[in-house]
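A.B. asks: One structure, pasted below without further comment.
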Amino acid sequence: MTNELTFDQINHMQELFTGDRANEIAQTAATTNGIFKASENIRAIDDANFNFSIDIDSHKVTNQNQSGRCWMFACLNVIRFQLEKQYNIENFELSQNYLFFYDKLEKANYFYQNILNTANEPISSRDVQFLINSPQQDGGDWNLIISLVEKYGVVPIYEMNDSSCSVTSAELNTMLNRKLRRDAVELRQLVKDNATESTINDYIEKSLSEVYRLLSIALGTPPKTIDFTFRDKDKKYTSYHGLTPQQLYTDYIDIDVTDYVGLINVPAENMPFGKVYEVALSGNMVGGTPNRYLNIEMDELKQATIKQLKAGEPVWFGCDVLKHFDRQKGIMSHDLYKFEELFNMDFSMTKGDCFNYKESLPTHAMVIGGVNLVDDMPTKWKVENSWGEKIGDQGYCVMDDKWMEEFVFEVVVKKDYLTEDLKQALVTEPVELPFWNPMNPIA
């Protein structure tokens, strides 16, 4: 049954609106200042000061510019934190463009292999449509960066600086996806024509070589050997020459990214706590680390985060940065905007419903570098973003604890900081989620 909207209904709506003076006041405020400014809560701003009882992170923030590389920036910020501490250095930056290059190349191969796996499905199938809708893009997650760092290592930013196409990635994505879609047509036709495995593999090898050429033209060519040089805080100069990127990571930086695990908080009936979840078609690399998460209670997630901060290590995390965030002030507060008061209506939803109905999703990755504890309970958190120094406090943000509860979906911590129960849950057989689950970072 469907009901047409009538003019009688519309006239009644208008009478209800004009009959309430509060609507006129709200209308004036919103039409003049915009919804967010009209509803901003000054009390929440006053409460969001940048003082924390545990504050371990203060190096110069990075800037991902107009690209979706936040997950990559956040991971490299965790790695460089360890490097700076280890060598007594200030503000040493690792190349995001280097891993960006190989992420694109690996995603191209991942796409080709999945096109082959689905080649006998109709073009209208849900799997095929998902693949060709976005053959590759900038997004990712912790396990995807693990795969890249383990295989390709890391390099200092002076060995491969950003290019115009990594700073603003839209043009590169347009051209690369055009290339990949064209190759998908050819691959599906080869399968349809019963081409030999050798013929198909030759085509993929040729196509990957062309992808490499495209990426090299747009991003620059990744170095095979690098020099690791720096001057520490005591002005002592040190130089290590002729290293491979893999050597720099494995032999010169005291961190193993495989020691860390992804914990999520998704309080939804269809994703019970205490289970490990793996998302189909969510990788970036054939043979890479599976994209897995252990779903736990928020209190457990917070305690693991606090343990790592107390041990002097920052924490990678994923959240819905689009919610209740004043970008210029760097304030992330659950009560920052009084939308319900402005519109006189109820917008409330549970976190689980927000997730399942895609009202709130993990959209951005950053680093937690501090926390304020009162009676050993968190009230607010220090956040290192990757949007440059012009936002917040020189690029750092403050996140109140209620915002964390509602809009933080994932943290990455060392296994050492998990309780024994969580360690045991971590090794259970994962439950596979479909590729359309909101935890898919490349959807």
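A note on labels: chains of the structure tokens are A, B, ... as shown, every chain counts residues from 1, and ligands are counted from 1 in their shown order.
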Quick one: residues within 8 Å of A:Glu159, only C-alpha atoms counted, chain neighbours fewer than 6 positions away excluded, as a PyMOL selection string?

C.D. replies: chain A and resi 95+223+226-227

A.B. asks: Please save all heavy atoms of the selected residues as a PDB file, in the first residue's frame.

C.D. replies:
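Contents of again-v1.pdb, as written:
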ATOM      1  N   SER A  95      57.749   8.047   4.748  1.00  0.00           N
ATOM      2  CA  SER A  95      57.067   8.311   3.477  1.00  0.00           C
ATOM      3  C   SER A  95      55.746   7.561   3.378  1.00  0.00           C
ATOM      4  O   SER A  95      55.717   6.325   3.338  1.00  0.00           O
ATOM      5  CB  SER A  95      57.967   7.920   2.304  1.00  0.00           C
ATOM      6  OG  SER A  95      57.255   7.979   1.089  1.00  0.00           O
ATOM      7  N   PRO A 223      62.077   3.779  -4.202  1.00  0.00           N
ATOM      8  CA  PRO A 223      63.501   3.429  -4.137  1.00  0.00           C
ATOM      9  C   PRO A 223      63.701   1.982  -3.715  1.00  0.00           C
ATOM     10  O   PRO A 223      62.922   1.429  -2.940  1.00  0.00           O
ATOM     11  CB  PRO A 223      64.039   4.386  -3.079  1.00  0.00           C
ATOM     12  CG  PRO A 223      62.870   4.654  -2.185  1.00  0.00           C
ATOM     13  CD  PRO A 223      61.665   4.661  -3.090  1.00  0.00           C
ATOM     14  N   ILE A 226      67.938   2.856   0.355  1.00  0.00           N
ATOM     15  CA  ILE A 226      67.770   4.186   0.950  1.00  0.00           C
ATOM     16  C   ILE A 226      68.875   4.449   1.971  1.00  0.00           C
ATOM     17  O   ILE A 226      69.564   3.525   2.422  1.00  0.00           O
ATOM     18  CB  ILE A 226      66.381   4.332   1.624  1.00  0.00           C
ATOM     19  CG1 ILE A 226      66.142   3.195   2.650  1.00  0.00           C
ATOM     20  CG2 ILE A 226      65.282   4.312   0.590  1.00  0.00           C
ATOM     21  CD1 ILE A 226      66.335   3.577   4.071  1.00  0.00           C
ATOM     22  N   ASP A 227      69.018   5.721   2.330  1.00  0.00           N
ATOM     23  CA  ASP A 227      69.909   6.121   3.414  1.00  0.00           C
ATOM     24  C   ASP A 227      69.054   6.574   4.588  1.00  0.00           C
ATOM     25  O   ASP A 227      68.118   7.363   4.416  1.00  0.00           O
ATOM     26  CB  ASP A 227      70.830   7.264   2.985  1.00  0.00           C
ATOM     27  CG  ASP A 227      71.805   6.852   1.908  1.00  0.00           C
ATOM     28  OD1 ASP A 227      72.113   5.646   1.816  1.00  0.00           O
ATOM     29  OD2 ASP A 227      72.250   7.725   1.134  1.00  0.00           O
TER      30      ASP A 227
END

A.B. asks: Would you please give, as a PyMOL selection string, all residues of stretch 88-336 of chain A that DSSP assigns to alpha helix (DSSP H) based on the backbone?

C.D. replies: chain A and resi 96-117+126-133+142-152+164-167+170-192+197-219+245-252+298-310

A.B. asks: I'd like the interatomic distance between atom CA of A:Val371 and atom CA of A:Glu313, to a tenth of an Å.

C.D. replies: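 Distance reported for this atom pair: 11.9 Å.
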
A.B. asks: Compile the contact shell of A:Tyr237 as an MDAnalysis selection string: residues with an atom at most 12 Å away, counting only C-alpha atoms, same-chain residues fewer than 3 positions apart removed.

C.D. replies: chainID A and resid 87:89 228:234 240

A.B. asks: Give the answer as one residue: which of A:Lys275, A:Met160, A:Asn173, A:Gly283 has the shortest atom-to-atom distance to A:Pro245, using only C-alpha atoms?

C.D. replies: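 Of A:Lys275, A:Met160, A:Asn173, A:Gly283, the one nearest A:Pro245, counting only C-alpha atoms, is A:Met160.
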
A.B. asks: Between atom CA of A:Glu84 and atom CA of A:His59, what is the distance, to one decimal in Å?

C.D. replies: 9.1 Å

A.B. asks: How many Å separate atom CA of A:Gln246 from atom CA of A:Gly287?

C.D. replies: 17.7 Å
